[in-house]
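Visitor: Here you go, this is work.cif (mmCIF, C-alpha atoms).
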data_coords
loop_
_atom_site.label_atom_id
_atom_site.label_comp_id
_atom_site.auth_asym_id
_atom_site.auth_seq_id
_atom_site.Cartn_x
_atom_site.Cartn_y
_atom_site.Cartn_z
CA MET Z 1 106.59 59.79 -11.50
CA SER Z 2 106.80 63.03 -13.53
CA ILE Z 3 103.91 65.26 -14.53
CA ILE Z 4 104.53 64.25 -18.16
CA SER Z 5 104.19 60.55 -17.25
CA VAL Z 6 100.92 61.14 -15.39
CA LYS Z 7 99.59 63.17 -18.31
CA GLN Z 8 100.55 60.33 -20.67
CA GLN Z 9 98.84 57.73 -18.46
CA ILE Z 10 95.63 59.75 -18.30
CA THR Z 11 95.70 60.51 -22.04
CA LYS Z 12 96.30 56.86 -22.93
CA PHE Z 13 93.50 55.63 -20.69
CA PHE Z 14 90.99 58.13 -22.09
CA ILE Z 15 91.70 57.54 -25.79
CA SER Z 16 88.35 58.17 -27.45
CA SER Z 17 88.72 55.39 -30.03
CA ASN Z 18 89.56 52.87 -27.28
CA LEU Z 19 86.48 53.80 -25.24
CA ASP Z 20 84.34 53.65 -28.39
CA ALA Z 21 85.67 50.15 -29.15
CA GLN Z 22 84.98 48.93 -25.61
CA ALA Z 23 81.49 50.42 -25.64
CA LYS Z 24 80.77 48.52 -28.85
CA SER Z 25 82.46 45.26 -27.79
CA THR Z 26 80.38 45.11 -24.61
CA GLY Z 27 77.19 46.02 -26.48
CA PHE Z 28 76.78 49.19 -24.43
CA MET Z 29 76.68 51.45 -27.49
CA LYS Z 30 76.08 49.94 -30.92
CA ARG Z 31 76.17 53.34 -32.61
CA ILE Z 32 77.97 56.38 -31.22
CA ARG Z 33 75.42 59.19 -31.08
CA ALA Z 34 74.89 62.28 -28.89
CA ILE Z 35 76.21 60.65 -25.73
CA LYS Z 36 79.71 59.56 -26.70
CA PRO Z 37 81.70 57.16 -24.45
CA LEU Z 38 84.50 59.67 -23.68
CA GLU Z 39 82.09 62.41 -22.60
CA PHE Z 40 79.90 59.88 -20.79
CA VAL Z 41 82.76 58.42 -18.73
CA THR Z 42 84.51 61.71 -17.89
CA SER Z 43 81.27 63.34 -16.73
CA LEU Z 44 80.27 60.27 -14.71
CA VAL Z 45 83.67 60.21 -12.97
CA ALA Z 46 83.51 63.97 -12.40
CA ALA Z 47 80.05 63.69 -10.82
CA LEU Z 48 80.93 60.74 -8.59
CA SER Z 49 84.12 62.46 -7.40
CA LYS Z 50 81.96 64.98 -5.54
CA SER Z 51 80.78 63.98 -2.10
CA ASN Z 52 77.40 65.71 -2.46
CA ILE Z 53 75.95 64.00 -5.55
CA ALA Z 54 72.76 62.14 -4.62
CA SER Z 55 70.70 61.70 -7.79
CA ILE Z 56 71.03 60.85 -11.45
CA ASN Z 57 69.64 64.30 -12.25
CA GLU Z 58 72.83 65.76 -10.82
CA VAL Z 59 74.93 63.42 -12.98
CA VAL Z 60 73.05 64.67 -16.06
CA ARG Z 61 73.70 68.28 -15.02
CA GLN Z 62 77.40 67.44 -14.67
CA PHE Z 63 77.39 65.96 -18.19
CA ASN Z 64 75.78 69.10 -19.62
CA GLY Z 65 78.05 71.37 -17.60
CA MET Z 66 81.11 69.82 -19.26
CA ARG Z 67 79.85 70.37 -22.81
CA LEU Z 68 81.27 73.15 -24.98
CA SER Z 69 77.97 74.05 -26.58
CA GLU Z 70 74.28 74.12 -25.68
CA ASP Z 71 73.69 71.97 -28.75
CA GLU Z 72 75.44 69.08 -26.97
CA PHE Z 73 73.16 69.12 -23.91
CA VAL Z 74 71.07 66.00 -23.26
CA ALA Z 75 67.82 65.51 -21.38
CA TYR Z 76 67.38 63.29 -18.33
CA LYS Z 77 65.61 60.40 -20.08
CA PRO Z 78 68.18 59.55 -22.78
CA PHE Z 79 70.99 59.72 -20.22
CA HIS Z 80 69.03 57.53 -17.77
CA ASN Z 81 68.37 55.08 -20.59
CA GLN Z 82 72.12 54.64 -21.05
CA LEU Z 83 72.57 53.87 -17.36
CA ALA Z 84 69.64 51.42 -17.38
CA LYS Z 85 71.09 49.28 -20.19
CA LYS Z 86 72.05 45.81 -18.99
CA GLU Z 87 75.41 46.32 -20.74
CA PHE Z 88 76.23 49.46 -18.70
CA PRO Z 89 77.87 47.62 -15.77
CA LYS Z 90 79.73 45.34 -18.16
CA PHE Z 91 81.23 48.36 -19.97
CA ILE Z 92 82.19 50.21 -16.77
CA LYS Z 93 83.60 47.07 -15.16
CA GLN Z 94 85.76 46.43 -18.22
CA ILE Z 95 87.28 49.91 -18.30
CA THR Z 96 87.67 49.90 -14.50
CA LYS Z 97 89.75 46.74 -14.72
CA GLN Z 98 91.80 48.41 -17.43
CA ALA Z 99 92.36 51.35 -15.08
CA LEU Z 100 93.49 48.96 -12.33
CA ALA Z 101 96.10 47.55 -14.69
CA THR Z 102 97.33 50.75 -16.32
CA LEU Z 103 96.93 53.67 -13.90
CA LEU Z 104 99.77 53.16 -11.45
CA PRO Z 105 100.04 54.95 -8.10
CA GLN Z 106 103.34 56.10 -6.65
CA GLU Z 107 105.93 53.43 -5.92
CA GLN Z 108 106.55 52.88 -2.23
CA GLU Z 109 109.72 52.24 -0.27
CA ILE Z 110 109.33 48.76 1.21
CA PRO Z 111 110.67 48.22 4.75
CA GLU Z 112 113.69 45.92 4.77
CA ARG Z 113 112.14 43.20 6.93
CA LEU Z 114 109.04 43.07 4.75
CA LYS Z 115 110.96 42.55 1.51
CA GLN Z 116 110.79 38.81 2.17
CA PHE Z 117 107.15 39.08 1.02
CA LYS Z 118 106.35 39.56 -2.65
CA GLN Z 119 103.27 41.50 -1.59
CA VAL Z 120 101.24 42.29 1.50
CA ILE Z 121 97.61 41.73 0.51
CA LEU Z 122 94.82 43.30 2.57
CA HIS Z 123 91.45 41.68 1.97
CA ASP Z 124 88.02 42.73 3.19
CA GLY Z 125 84.41 43.24 2.23
CA SER Z 126 81.96 46.08 2.78
CA SER Z 127 78.22 46.07 2.29
CA LEU Z 128 75.81 48.72 1.12
CA THR Z 129 72.04 48.69 1.28
CA VAL Z 130 70.15 49.02 -2.00
CA HIS Z 131 66.47 49.42 -2.91
CA PRO Z 132 64.28 46.69 -1.32
CA GLU Z 133 62.89 45.83 -4.77
CA LEU Z 134 66.33 44.42 -5.65
CA ALA Z 135 66.17 41.74 -2.93
CA THR Z 136 65.71 38.99 -5.52
CA ASP Z 137 69.05 39.86 -7.15
CA PHE Z 138 70.88 41.08 -4.06
CA LYS Z 139 69.55 39.38 -0.97
CA GLY Z 140 70.74 40.96 2.27
CA ARG Z 141 71.95 39.10 5.34
CA PHE Z 142 69.66 41.12 7.61
CA THR Z 143 66.34 40.65 5.88
CA LYS Z 144 64.29 42.77 8.30
CA HIS Z 145 66.46 45.90 8.26
CA ALA Z 146 68.16 45.53 4.87
CA PRO Z 147 66.34 43.02 2.65
CA ALA Z 148 68.51 44.04 -0.31
CA ALA Z 149 72.24 44.65 0.04
CA ILE Z 150 75.45 44.27 -1.96
CA GLU Z 151 78.86 43.21 -0.67
CA CYS Z 152 81.99 44.59 -2.32
CA HIS Z 153 84.98 42.23 -1.94
CA VAL Z 154 88.36 43.93 -2.34
CA SER Z 155 92.01 42.86 -2.30
CA LEU Z 156 94.44 45.75 -1.82
CA SER Z 157 98.21 45.65 -2.36
CA LEU Z 158 99.94 47.50 0.47
CA PHE Z 159 103.25 47.87 -1.37
CA GLU Z 160 101.69 49.21 -4.58
CA ARG Z 161 98.99 51.13 -2.73
CA LYS Z 162 96.40 49.95 -5.24
CA ILE Z 163 93.37 47.67 -5.54
CA ILE Z 164 94.35 44.50 -7.35
CA HIS Z 165 90.93 42.83 -7.42
CA MET Z 166 87.28 43.61 -6.70
CA ASP Z 167 84.06 41.63 -6.98
CA ILE Z 168 80.46 42.41 -6.04
CA ASP Z 169 77.69 40.01 -5.08
CA ALA Z 170 74.64 39.72 -2.85
CA ASP Z 171 75.43 40.43 0.79
CA SER Z 172 74.00 37.02 1.74
CA VAL Z 173 76.68 35.15 -0.24
CA SER Z 174 79.47 33.84 1.97
CA GLU Z 175 82.50 36.13 2.02
CA HIS Z 176 84.66 32.98 2.04
CA ASP Z 177 83.63 32.47 -1.60
CA TYR Z 178 85.62 35.57 -2.47
CA LEU Z 179 88.87 34.80 -0.74
CA PRO Z 180 91.77 35.09 -3.22
CA ALA Z 181 92.98 31.71 -4.46
CA ALA Z 182 95.77 30.50 -2.19
CA SER Z 183 97.92 29.74 -5.24
CA THR Z 184 97.94 33.47 -6.13
CA LEU Z 185 99.38 34.37 -2.70
CA ARG Z 186 102.62 32.41 -2.94
CA SER Z 187 105.37 34.30 -1.06
CA CYS Z 188 102.83 36.96 -0.01
CA LEU Z 189 101.52 38.01 3.41
CA PHE Z 190 97.72 37.93 3.61
CA LEU Z 191 95.78 40.01 6.18
CA ALA Z 192 92.05 39.70 6.91
CA ASP Z 193 89.58 40.20 9.74
CA SER Z 194 87.71 37.63 11.81
CA GLY Z 195 85.07 37.04 9.13
CA TYR Z 196 87.68 35.11 7.14
CA VAL Z 197 88.72 32.51 9.73
CA ASN Z 198 88.84 29.34 7.66
CA THR Z 199 91.22 26.51 8.62
CA PRO Z 200 91.07 24.65 5.28
CA TYR Z 201 92.04 27.93 3.59
CA PHE Z 202 94.88 28.46 6.09
CA ALA Z 203 96.12 24.97 5.26
CA GLU Z 204 96.11 25.88 1.55
CA LEU Z 205 98.12 29.02 2.32
CA ASP Z 206 100.67 26.90 4.20
CA THR Z 207 100.94 24.53 1.23
CA ASN Z 208 101.47 27.47 -1.13
CA ASP Z 209 104.21 29.05 1.00
CA ALA Z 210 101.99 32.02 1.83
CA SER Z 211 101.93 33.79 5.19
CA PHE Z 212 98.86 35.15 6.94
CA ILE Z 213 97.62 37.16 9.91
CA VAL Z 214 93.88 36.87 10.47
CA LYS Z 215 92.00 38.24 13.45
CA GLY Z 216 90.47 35.42 15.48
CA LYS Z 217 86.85 35.04 16.49
CA SER Z 218 86.05 35.26 20.20
CA SER Z 219 84.39 31.82 19.96
CA LEU Z 220 87.70 30.08 19.14
CA ASN Z 221 88.69 27.51 21.73
CA PRO Z 222 91.62 25.42 20.44
CA THR Z 223 93.96 23.26 22.53
CA ILE Z 224 97.26 24.88 23.56
CA THR Z 225 100.38 22.87 22.71
CA LYS Z 226 103.00 25.53 23.50
CA ALA Z 227 102.84 28.81 25.39
CA TYR Z 228 105.05 31.89 25.67
CA ASN Z 229 104.66 35.32 27.18
CA GLY Z 230 105.01 38.50 25.15
CA ASN Z 231 108.78 38.50 25.65
CA GLY Z 232 109.18 34.98 24.28
CA LYS Z 233 109.65 33.20 27.64
CA GLU Z 234 108.19 29.69 27.54
CA LEU Z 235 105.35 28.94 29.98
CA LYS Z 236 104.30 25.49 31.16
CA ARG Z 237 100.98 26.00 32.95
CA PRO Z 238 98.77 26.63 29.88
CA ILE Z 239 99.99 23.59 27.90
CA GLY Z 240 97.25 21.04 27.26
CA LYS Z 241 94.46 23.41 28.26
CA LYS Z 242 91.72 24.84 26.11
CA LEU Z 243 92.22 28.51 25.29
CA LYS Z 244 89.17 29.66 27.25
CA ASP Z 245 90.42 27.84 30.33
CA VAL Z 246 93.42 30.16 30.53
CA SER Z 247 91.80 33.26 31.97
CA GLN Z 248 93.31 36.63 32.75
CA LYS Z 249 93.07 35.84 36.48
CA GLN Z 250 94.94 32.56 36.07
CA ASN Z 251 97.71 34.20 34.09
CA SER Z 252 98.85 37.77 34.64
CA GLN Z 253 100.46 38.07 31.20
CA LYS Z 254 98.92 40.83 29.07
CA VAL Z 255 100.14 39.18 25.86
CA MET Z 256 100.24 35.42 25.35
CA ASP Z 257 101.77 33.67 22.34
CA PHE Z 258 100.52 30.11 21.81
CA ASP Z 259 100.91 27.20 19.45
CA VAL Z 260 97.41 25.72 19.15
CA GLU Z 261 95.53 22.98 17.38
CA TRP Z 262 91.89 22.26 16.66
CA GLY Z 263 90.62 19.63 14.32
CA LYS Z 264 93.54 18.75 12.06
CA TYR Z 265 94.93 22.25 11.89
CA LYS Z 266 97.82 23.75 13.87
CA CYS Z 267 99.01 27.34 13.91
CA ARG Z 268 100.20 30.17 16.10
CA LEU Z 269 97.66 32.19 18.12
CA ILE Z 270 98.39 35.48 19.85
CA ARG Z 271 96.08 36.73 22.57
CA ARG Z 272 96.09 40.21 24.08
CA TRP Z 273 94.03 41.38 27.06
CA VAL Z 274 92.42 44.77 26.34
CA ALA Z 275 91.67 46.22 29.76
CA SER Z 276 89.61 49.15 28.43
CA GLU Z 277 87.19 46.72 26.79
CA GLN Z 278 87.58 43.93 29.35
CA LYS Z 279 88.09 41.29 26.69
CA PHE Z 280 90.70 39.24 24.84
CA VAL Z 281 91.62 39.97 21.22
CA LEU Z 282 93.00 37.09 19.14
CA TRP Z 283 95.18 36.84 16.03
CA LEU Z 284 95.98 33.69 14.05
CA THR Z 285 99.20 33.50 12.04
CA ASN Z 286 101.80 31.18 10.55
CA LEU Z 287 104.62 33.72 10.83
CA PRO Z 288 107.56 32.18 12.70
CA ARG Z 289 108.09 33.31 16.27
CA SER Z 290 111.83 33.50 15.61
CA GLU Z 291 111.30 36.29 13.05
CA PHE Z 292 108.21 38.13 14.30
CA SER Z 293 107.46 38.68 17.99
CA ALA Z 294 103.88 38.70 19.25
CA ASP Z 295 103.91 42.51 19.40
CA GLU Z 296 105.22 42.71 15.83
CA VAL Z 297 102.47 40.42 14.54
CA THR Z 298 99.77 42.61 16.11
CA MET Z 299 101.57 45.74 14.90
CA LEU Z 300 101.75 44.38 11.35
CA TYR Z 301 98.06 43.49 11.43
CA ARG Z 302 97.24 47.16 11.97
CA VAL Z 303 98.18 48.00 8.37
CA ARG Z 304 94.94 46.23 7.42
CA TRP Z 305 93.28 49.51 8.40
CA GLN Z 306 94.32 50.80 4.95
CA VAL Z 307 91.59 48.75 3.29
CA GLU Z 308 89.04 50.13 5.77
CA LEU Z 309 90.14 53.65 4.81
CA LEU Z 310 89.68 52.72 1.16
CA PHE Z 311 86.07 51.66 1.75
CA LYS Z 312 85.47 54.86 3.69
CA GLU Z 313 86.89 56.83 0.77
CA LEU Z 314 84.68 54.93 -1.71
CA LYS Z 315 81.53 55.56 0.30
CA SER Z 316 82.18 59.09 1.56
CA HIS Z 317 84.01 60.68 -1.36
CA ASN Z 318 83.08 58.62 -4.45
CA ASN Z 319 79.36 58.15 -3.83
CA LEU Z 320 79.30 54.39 -3.30
CA ARG Z 321 75.98 54.56 -1.45
CA LYS Z 322 73.63 57.34 -2.43
CA PHE Z 323 71.59 56.41 -5.51
CA ASN Z 324 68.18 55.00 -4.66
CA THR Z 325 67.18 53.12 -7.81
CA GLN Z 326 65.33 49.89 -8.52
CA LYS Z 327 67.34 49.22 -11.69
CA LYS Z 328 69.93 46.48 -11.23
CA PRO Z 329 72.21 47.65 -14.10
CA ILE Z 330 72.32 51.18 -12.67
CA VAL Z 331 73.26 49.92 -9.18
CA GLU Z 332 75.99 47.62 -10.49
CA GLY Z 333 77.33 50.13 -12.99
CA LEU Z 334 77.53 52.96 -10.46
CA ILE Z 335 79.44 50.72 -8.02
CA TRP Z 336 82.07 50.06 -10.67
CA ALA Z 337 82.03 53.74 -11.67
CA SER Z 338 82.70 54.71 -8.02
CA LEU Z 339 85.72 52.43 -8.01
CA LEU Z 340 86.88 53.87 -11.34
CA THR Z 341 86.61 57.37 -9.87
CA LEU Z 342 88.70 56.40 -6.86
CA ILE Z 343 91.38 54.77 -9.06
CA ILE Z 344 91.78 57.83 -11.28
CA LYS Z 345 91.83 60.27 -8.35
CA ARG Z 346 94.41 58.20 -6.50
CA ALA Z 347 96.56 57.73 -9.62
CA ILE Z 348 97.00 61.50 -9.83
CA ALA Z 349 97.02 62.45 -6.14
CA THR Z 350 99.50 59.82 -4.95
CA GLN Z 351 101.94 60.89 -7.64
CA ALA Z 352 101.71 64.51 -6.55
CA VAL Z 353 102.16 63.90 -2.82
CA ASN Z 354 103.79 60.97 -1.07
CA ALA Z 355 102.04 61.57 2.27
CA ILE Z 356 98.70 62.37 0.64
CA SER Z 357 95.49 62.88 2.61
CA MET Z 358 92.79 61.61 0.26
CA PHE Z 359 90.23 63.16 2.61
CA LYS Z 360 91.70 66.64 2.00
CA ALA Z 361 92.15 65.96 -1.71
CA SER Z 362 88.54 64.83 -2.05
CA MET Z 363 87.16 67.94 -0.36
CA ASN Z 364 88.12 70.17 -3.31
CA VAL Z 365 87.90 68.08 -6.47
CA ASP Z 366 86.39 71.02 -8.32
CA VAL Z 367 89.73 72.83 -7.87
CA TRP Z 368 92.19 70.19 -9.12
CA PHE Z 369 90.47 67.01 -10.38
CA ILE Z 370 87.42 68.00 -12.43
CA PRO Z 371 89.45 70.54 -14.51
CA ILE Z 372 91.68 67.61 -15.58
CA LEU Z 373 88.63 65.63 -16.68
CA GLN Z 374 87.29 68.68 -18.50
CA ALA Z 375 90.53 68.97 -20.50
CA VAL Z 376 90.33 65.26 -21.35
CA ALA Z 377 86.69 65.56 -22.45
CA ASP Z 378 87.58 68.58 -24.61
CA ARG Z 379 90.66 66.80 -26.01
CA GLU Z 380 92.73 69.84 -25.00
CA TYR Z 381 96.02 68.09 -24.29
CA ILE Z 382 98.13 71.22 -23.79
CA ALA Z 383 95.58 72.38 -21.22
CA LEU Z 384 95.66 68.88 -19.69
CA LYS Z 385 99.39 69.20 -18.94
CA GLU Z 386 98.83 72.61 -17.36
CA ARG Z 387 95.99 71.29 -15.21
CA VAL Z 388 98.01 68.29 -14.03
CA GLU Z 389 100.80 70.72 -13.08
CA TRP Z 390 98.31 72.83 -11.15
CA ALA Z 391 96.92 69.71 -9.43
CA TYR Z 392 100.45 68.89 -8.23
CA ILE Z 393 100.96 72.41 -6.87
CA TYR Z 394 97.56 72.50 -5.20
CA LEU Z 395 97.79 69.05 -3.60
CA GLN Z 396 101.37 69.57 -2.39
CA ASN Z 397 100.22 72.67 -0.53
CA ASN Z 398 96.74 71.64 0.57
CA ALA Z 399 96.42 67.84 0.82
CA VAL Z 400 99.36 66.61 2.89
CA THR Z 401 98.56 64.35 5.85
CA SER Z 402 98.56 66.11 9.21
CA GLN Z 403 101.31 65.48 11.70
CA GLN Z 404 100.21 62.63 13.93
CA LYS Z 405 100.44 62.80 17.70
CA LYS Z 406 103.19 60.71 19.24
CA SER Z 407 100.48 58.93 21.22
CA LYS Z 408 99.36 57.33 17.95
CA GLY Z 409 102.43 55.11 18.25
CA TYR Z 410 102.33 52.11 15.94
CA SER Z 411 98.83 52.76 14.68
CA LYS Z 412 100.24 55.00 11.92
CA LEU Z 413 101.50 53.33 8.74
CA ASP Z 414 104.70 55.40 8.61
CA ASN Z 415 105.59 54.39 12.17
CA ILE Z 416 104.93 50.72 11.43
CA TYR Z 417 107.13 50.95 8.33
CA ALA Z 418 109.86 52.69 10.34
CA HIS Z 419 109.85 49.86 12.88
CA PHE Z 420 110.25 47.17 10.23
CA ASN Z 421 112.94 49.24 8.52
CA SER Z 422 115.12 49.46 11.64
#
Step by step, read the file and then write its structure as structure tokens.

Guide:
Amino acid sequence: MSIISVKQQITKFFISSNLDAQAKSTGFMKRIRAIKPLEFVTSLVAALSKSNIASINEVVRQFNGMRLSEDEFVAYKPFHNQLAKKEFPKFIKQITKQALATLLPQEQEIPERLKQFKQVILHDGSSLTVHPELATDFKGRFTKHAPAAIECHVSLSLFERKIIHMDIDADSVSEHDYLPAASTLRSCLFLADSGYVNTPYFAELDTNDASFIVKGKSSLNPTITKAYNGNGKELKRPIGKKLKDVSQKQNSQKVMDFDVEWGKYKCRLIRRWVASEQKFVLWLTNLPRSEFSADEVTMLYRVRWQVELLFKELKSHNNLRKFNTQKKPIVEGLIWASLLTLIIKRAIATQAVNAISMFKASMNVDVWFIPILQAVADREYIALKERVEWAYIYLQNNAVTSQQKKSKGYSKLDNIYAHFNS
């Protein structure tokens, strides 16, 4: 996408009248006074884009630092009062969802063999501890060590390289409650970790013509109905046995590819012996053996790491963890604001560089990202174009992913794509 297109996207998203209307419609600001929505949002995003912001005082200083005149400075209390409004998270959530829909990252080349899927959806959750006084609203799973905690549930599109859905709730609420509806995954491939093993859900995916690869729990012990080695050769000995009865000693195969059943559900289960950890790792899938070998299923599952990297980026480079407040609206609003920050940064950076390192890009936001926000806040649209151009130049020369060692093999996304493109 061209620099002009990116500038137009950013300009359209940050239209002052649109932000004013959303602030009023959510009840966040009934009258537009000293702290206007455009200046409020741009300064909040600018502050959260830094990896060293740890207090609301620093957010206030960022707001004042982006003003054109001392007369526009605000004190801590009125700014904090805006964050503490119960409508604050509603306003930020609404504009974040608008950003998800309108700020588009760079289009990706889809490997030929994966074009049979409409999307590859990576789903996961990540928790963050909040102030113990918030335990009533956000009960943690580990009440002794983290009595109050929030879980962020995210669905990420691999092909579009963007978040398509996010929810937050108490960490104690079952993550299964936030699985995407099976009907929305028709013709898609769904990837999730062992916390999402759920046979009724798998059955719904089958019914909706959706594919899945989900890491299996070590406690799984289904009955084996068919067995193959990693090369696809059929094996007779394991048939009829329980999975845990087929030990590494009884069978020398490093990779085993089974058809299994437990309860009323049947699917394919792949088991790999990991010698370094002295344990089996399991994957459940409904992908046909005729199209995807056992090694290819496990290789394809590795792309799920992209959602883990996203959570790391949210926490390490967009401040999804550092504000110690007892105010529920502030906690919720800052979570959505962290996501908004990530979306805007990625929308620019992924257009500038195909093989972008968001770690490198995030290390120097004061050089390329905050100047863009400053131009938006000042409504200096000629300067905005110049700063987007500079961001492209800077990122292309300073934020490209490092060359990976060959030993990384199929753990790198590009290598996985190359395999499925051959």

Visitor: Give me, as a tab-separated table, the closest atom pair and its distance (Å, one decimal) for every residue of region 160-224 of chain Z within a cut-off of 12 Å of region 81-95 of chain Z, counting all atoms listed in the file, rows sorted by chain and rising number.

Guide:
residue	atom	partner	partner_atom	distance
Z:His165	CA	Z:Lys93	CA	11.5
Z:Met166	CA	Z:Lys93	CA	9.9
Z:Asp167	CA	Z:Lys93	CA	9.8
Z:Ile168	CA	Z:Lys93	CA	10.7

Visitor: Could you write those residues out with C-alpha atoms, as a PDB file, keeping the file's coordinate frame?

Guide:
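Resulting contents of result-v6.pdb:
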ATOM      1  CA  HIS Z 165      90.930  42.830  -7.420  1.00  0.00           C
ATOM      2  CA  MET Z 166      87.280  43.610  -6.700  1.00  0.00           C
ATOM      3  CA  ASP Z 167      84.060  41.630  -6.980  1.00  0.00           C
ATOM      4  CA  ILE Z 168      80.460  42.410  -6.040  1.00  0.00           C
TER       5      ILE Z 168
END

Visitor: Counting only C-alpha atoms, find the residues whose atoms lie at most 6 Å from (97.3, 24.8, 18.1) (file coordinates) and write them out as an NGL selection string.

Guide: :Z and (223-225 or 259-261 or 266-267)

Visitor: From the options Z:Asn229, Z:Asn318, Z:Ser183, Z:Thr325, which residue's atoms come nearest to Leu44 (chain Z), counting all atoms listed in the file?

Guide: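 With all atoms listed in the file as the atom set, the closest residue is Z:Asn318.
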
Visitor: Produce a table with one row for each residue of region 2-108 of chain Z that has an atom at most 9 Å from any atom of region 343-350 of chain Z, each row naming the nearest atom pair and its distance in Å at one decimal; use only C-alpha atoms; arrange rows by chain and rising residue number; format as JSON lines.

Guide:
{"residue": "Z:Val6", "atom": "CA", "partner": "Z:Ile348", "partner_atom": "CA", "distance": 6.8}
{"residue": "Z:Ile10", "atom": "CA", "partner": "Z:Ile344", "partner_atom": "CA", "distance": 8.2}
{"residue": "Z:Val45", "atom": "CA", "partner": "Z:Ile344", "partner_atom": "CA", "distance": 8.6}
{"residue": "Z:Ser49", "atom": "CA", "partner": "Z:Lys345", "partner_atom": "CA", "distance": 8.1}
{"residue": "Z:Thr96", "atom": "CA", "partner": "Z:Ile343", "partner_atom": "CA", "distance": 8.2}
{"residue": "Z:Ala99", "atom": "CA", "partner": "Z:Ile343", "partner_atom": "CA", "distance": 7.0}
{"residue": "Z:Leu100", "atom": "CA", "partner": "Z:Ile343", "partner_atom": "CA", "distance": 7.0}
{"residue": "Z:Leu103", "atom": "CA", "partner": "Z:Ala347", "partner_atom": "CA", "distance": 5.9}
{"residue": "Z:Leu104", "atom": "CA", "partner": "Z:Ala347", "partner_atom": "CA", "distance": 5.9}
{"residue": "Z:Pro105", "atom": "CA", "partner": "Z:Ala347", "partner_atom": "CA", "distance": 4.7}
{"residue": "Z:Gln106", "atom": "CA", "partner": "Z:Thr350", "partner_atom": "CA", "distance": 5.6}

Visitor: Quick one: residues within 8 Å of Ile164 (chain Z), all atoms listed in the file, excluding same-chain residues fewer than 2 positions away - as a list in words?

Guide: Leu100, Val154, Ser155, Leu156, Ser157, Lys162 and Met166 of chain Z

Visitor: Name the residues captured by the PyMOL selection byres ((chain Z and resi 210-222) around 8) when it is applied to the shown file; answer as a PyMOL selection string.

Guide: chain Z and resi 182+185-197+202+205-209+223-224+242-244+260-262+280-287+297+301

Visitor: Looking at Z:Lys36, Z:Lys254, Z:Lys12, Z:Lys315, which one is nearest to Val274 (chain Z), with distances taken over all atoms listed in the file?

Guide: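 For Val274 (chain Z), the nearest of the given residues is Z:Lys254.
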
Visitor: Given the choices Z:Glu204, Z:Glu332, Z:Glu70, Z:Asp171, which gets closest to Leu128 (chain Z) if the distance is worked out from only C-alpha atoms?

Guide: Z:Asp171

Visitor: Expanded to explicit residues, what is the PyMOL selection byres ((chain Z and resi 292) around 12) for this file, as a VMD selection string?

Guide: chain Z and resid 113 to 114 211 213 230 to 232 257 268 270 285 to 291 293 to 301 419 to 420

Visitor: Care to translate the PyMOL selection byres ((chain Z and resi 175) around 9) into actual residues of this file, as a PyMOL selection string?

Guide: chain Z and resi 124-125+151+153+171-174+176-179+195-196

Visitor: How many Å separate CA of Pro180 (chain Z) from CA of Pro111 (chain Z)?

Guide: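 Between CA of Pro180 (chain Z) and CA of Pro111 (chain Z) the gap works out to 24.4 Å.
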
Visitor: Output requested as a compact mmCIF listing (two decimals), in the frame of the given file - region 146-155 of chain Z, filled out with N, CA and C atoms.

Guide:
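What follows is the written file result.txt:
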# COMPACT_ATOMS: atom_id res chain seq x y z
N ALA Z 146 67.58 45.27 6.20
CA ALA Z 146 68.16 45.53 4.87
C ALA Z 146 67.90 44.33 3.98
N PRO Z 147 66.67 44.20 3.47
CA PRO Z 147 66.34 43.02 2.65
C PRO Z 147 67.17 42.90 1.38
N ALA Z 148 67.67 44.04 0.88
CA ALA Z 148 68.51 44.04 -0.31
C ALA Z 148 69.83 44.75 -0.01
N ALA Z 149 70.93 44.05 -0.23
CA ALA Z 149 72.24 44.65 0.04
C ALA Z 149 73.29 43.98 -0.82
N ILE Z 150 74.33 44.74 -1.13
CA ILE Z 150 75.45 44.27 -1.96
C ILE Z 150 76.71 44.28 -1.12
N GLU Z 151 77.54 43.27 -1.31
CA GLU Z 151 78.86 43.21 -0.67
C GLU Z 151 79.93 43.43 -1.74
N CYS Z 152 80.83 44.36 -1.45
CA CYS Z 152 81.99 44.59 -2.32
C CYS Z 152 83.19 43.89 -1.69
N HIS Z 153 83.83 43.00 -2.43
CA HIS Z 153 84.98 42.23 -1.94
C HIS Z 153 86.23 42.79 -2.61
N VAL Z 154 87.18 43.24 -1.80
CA VAL Z 154 88.36 43.93 -2.34
C VAL Z 154 89.64 43.33 -1.80
N SER Z 155 90.64 43.19 -2.69
CA SER Z 155 92.01 42.86 -2.30
C SER Z 155 92.88 44.05 -2.65
